[in-house]
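Visitor: Okay, here's the structure, questions in a sec.
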Amino acid sequence: MFRPASNESGFFDRTSVEVAPALLGARFTRHSSLGDVSLRITEVEAYLGVGEDPGSHSFRGRTARNAVMFGPPLHLYTYFTYGMHVCANIVCSPEGQASAVLLRAGEIVAGVEYARSNRGEQVTNRDLARGPARLTKAMGIPLSDDGADLMGAVYTLELVDQVQDVGTSVRTGVSGPGGLAEYPWRFFIPDDPTVSPYRASVPRRRT
DNA sequence: GCTGCGATTGACT
DNA sequence: GTCAATCGCAGCT
């Protein structure tokens, strides 16, 4: 059952839309000095590359921020948003192409106490990593881990418990011209309580 | 150099 | 259901 992710088979050379559903059920672990934290992935979203996906950070080409997306697969891409939140992605596609899978939600299956110390003592197990920014906070993933190796000393990914029944829907929180919300690139485990509640993208009001 | 806004969350009505 | 917080990036002047 233990199957550490590697790219020997070229599995991660495929696009994020192909890889994303296969990551559901996988175990993603961060090894820290305070102990390991493991996540069972229950919800992801796929983002494609230059000129392919108007909702992707890489749509307009390579920049300092998204450089890691253009690098080799099986690396971590982190970014900072809304002035306060960190989100984490798994880079896919061969080097030079930019596609990534956003980790939207999961269930903390090891290191629950560590996760709770990051999120707050009142937070229920179900809510610890229910949402992309909650997930990174629970696991203690810092923005500075952008580009980290997912087969390395700090992060590991194990393709275990892969699910057969995959739910799909339009992506959350993505807005803009051209009907971005129509891309059905959100994948989740149906009826799993840790899947984040769907919120349609709402244009922000001015003050 | 300046400005608008985002792959969100938590607090509040 | 509504809304503020908060800051780096990208696009424009």
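Residue names in the structure tokens use chain letters A, B, ... in the order shown, residue numbers from 1 in each chain, and ligand numbers from 1 in the order shown.
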Could you list, as JSON, numbers by chain, the residues of chain A having an atom within 10 Å of chain B when counting only C-alpha atoms (C1' of nucleotides)?
Guide: {"A": [45, 46, 47, 55, 56, 57, 79, 80, 81, 82, 83, 84, 85, 86, 87, 88, 89, 102, 103, 104, 131, 132, 133, 134, 171, 172, 173, 174, 175, 203, 204, 206]}
Visitor: Output as a VMD selection string all residues of segment 49-203 of chain A that backbone DSSP marks as alpha helix (DSSP H).
Guide: chain A and resid 112 to 119 132 to 139
Visitor: Write the selection just made, keeping N, CA and C atoms, as a short mmCIF file (atom, residue, chain, number, x, y, z; two decimals), in the first residue's frame?
Guide:
data_model
loop_
_atom_site.label_atom_id
_atom_site.label_comp_id
_atom_site.auth_asym_id
_atom_site.auth_seq_id
_atom_site.Cartn_x
_atom_site.Cartn_y
_atom_site.Cartn_z
N VAL A 112 -2.29 15.59 14.43
CA VAL A 112 -3.48 16.41 14.68
C VAL A 112 -3.22 17.49 15.72
N GLU A 113 -2.45 17.14 16.75
CA GLU A 113 -2.19 18.12 17.80
C GLU A 113 -1.36 19.29 17.29
N TYR A 114 -0.39 18.97 16.44
CA TYR A 114 0.42 20.03 15.83
C TYR A 114 -0.45 20.93 14.97
N ALA A 115 -1.32 20.30 14.16
CA ALA A 115 -2.21 21.07 13.28
C ALA A 115 -3.12 21.96 14.11
N ARG A 116 -3.63 21.42 15.21
CA ARG A 116 -4.53 22.21 16.04
C ARG A 116 -3.79 23.36 16.72
N SER A 117 -2.55 23.15 17.04
CA SER A 117 -1.78 24.24 17.66
C SER A 117 -1.57 25.38 16.65
N ASN A 118 -1.56 25.03 15.37
CA ASN A 118 -1.43 26.07 14.34
C ASN A 118 -2.75 26.77 14.06
N ARG A 119 -3.86 26.04 14.20
CA ARG A 119 -5.16 26.54 13.78
C ARG A 119 -6.02 27.05 14.93
N PRO A 132 -8.15 25.90 1.28
CA PRO A 132 -6.75 25.95 0.85
C PRO A 132 -5.81 26.69 1.81
N ALA A 133 -6.26 27.80 2.36
CA ALA A 133 -5.40 28.54 3.27
C ALA A 133 -5.38 27.89 4.65
N ARG A 134 -6.48 27.27 5.03
CA ARG A 134 -6.52 26.54 6.30
C ARG A 134 -5.56 25.36 6.25
N LEU A 135 -5.53 24.72 5.09
CA LEU A 135 -4.67 23.55 4.90
C LEU A 135 -3.20 23.90 5.13
N THR A 136 -2.75 24.98 4.52
CA THR A 136 -1.34 25.35 4.67
C THR A 136 -1.04 25.78 6.09
N LYS A 137 -2.00 26.43 6.72
CA LYS A 137 -1.79 26.87 8.10
C LYS A 137 -1.71 25.67 9.05
N ALA A 138 -2.63 24.72 8.84
CA ALA A 138 -2.67 23.53 9.69
C ALA A 138 -1.36 22.75 9.59
N MET A 139 -0.83 22.63 8.37
CA MET A 139 0.39 21.84 8.16
C MET A 139 1.65 22.66 8.41
#
Visitor: Leaving out Pro193 of chain A and any residue of its chain fewer than 4 positions from it, which residues lie within 10 Å of it when counting only C-alpha atoms (C1' of nucleotides), given as a VMD selection string?
Guide: chain A and resid 42 106 to 107 126 to 127 130 189 197
Visitor: Give me, as JSON lines, each residue of chain C that comes within 9 Å of chain A, together with its shortest interatomic pair and the distance in Å at one decimal, counting only C-alpha atoms (C1' of nucleotides), with rows ordered by chain and rising residue number.
Guide:
{"residue": "C:DA5", "atom": "C1'", "partner": "A:Gly83", "partner_atom": "CA", "distance": 8.0}
{"residue": "C:DT6", "atom": "C1'", "partner": "A:Gly83", "partner_atom": "CA", "distance": 4.1}
{"residue": "C:DC7", "atom": "C1'", "partner": "A:Gly83", "partner_atom": "CA", "distance": 4.3}
{"residue": "C:DG8", "atom": "C1'", "partner": "A:Gly83", "partner_atom": "CA", "distance": 7.6}
{"residue": "C:DC9", "atom": "C1'", "partner": "A:Arg65", "partner_atom": "CA", "distance": 8.1}
Visitor: Mind checking which residues fall within 12 Å of Gln97 of chain A, counting only C-alpha atoms (C1' of nucleotides), ignoring those fewer than 4 positions away in the same chain, and posting them as a list in words?
Guide: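 Here the answer would be Phe12, Asp13, Arg14, Thr15, Ser16, Tyr47, Leu48, Gly49, Val50, Gly51, Glu52, Ser58, Phe59, Gly61, Arg62, Asn66, Ala67, Val68, Met69, Phe70, Gly71, Pro72, Pro73, Val91, Cys92 and Ser93 of chain A.
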Visitor: Which residues, written as a PyMOL selection string, have at least one atom at most 7 Å from Gly111 of chain A, with only C-alpha atoms (C1' of nucleotides) counted and residues fewer than 4 positions away on the same chain left out?
Guide: chain A and resi 35-38+115
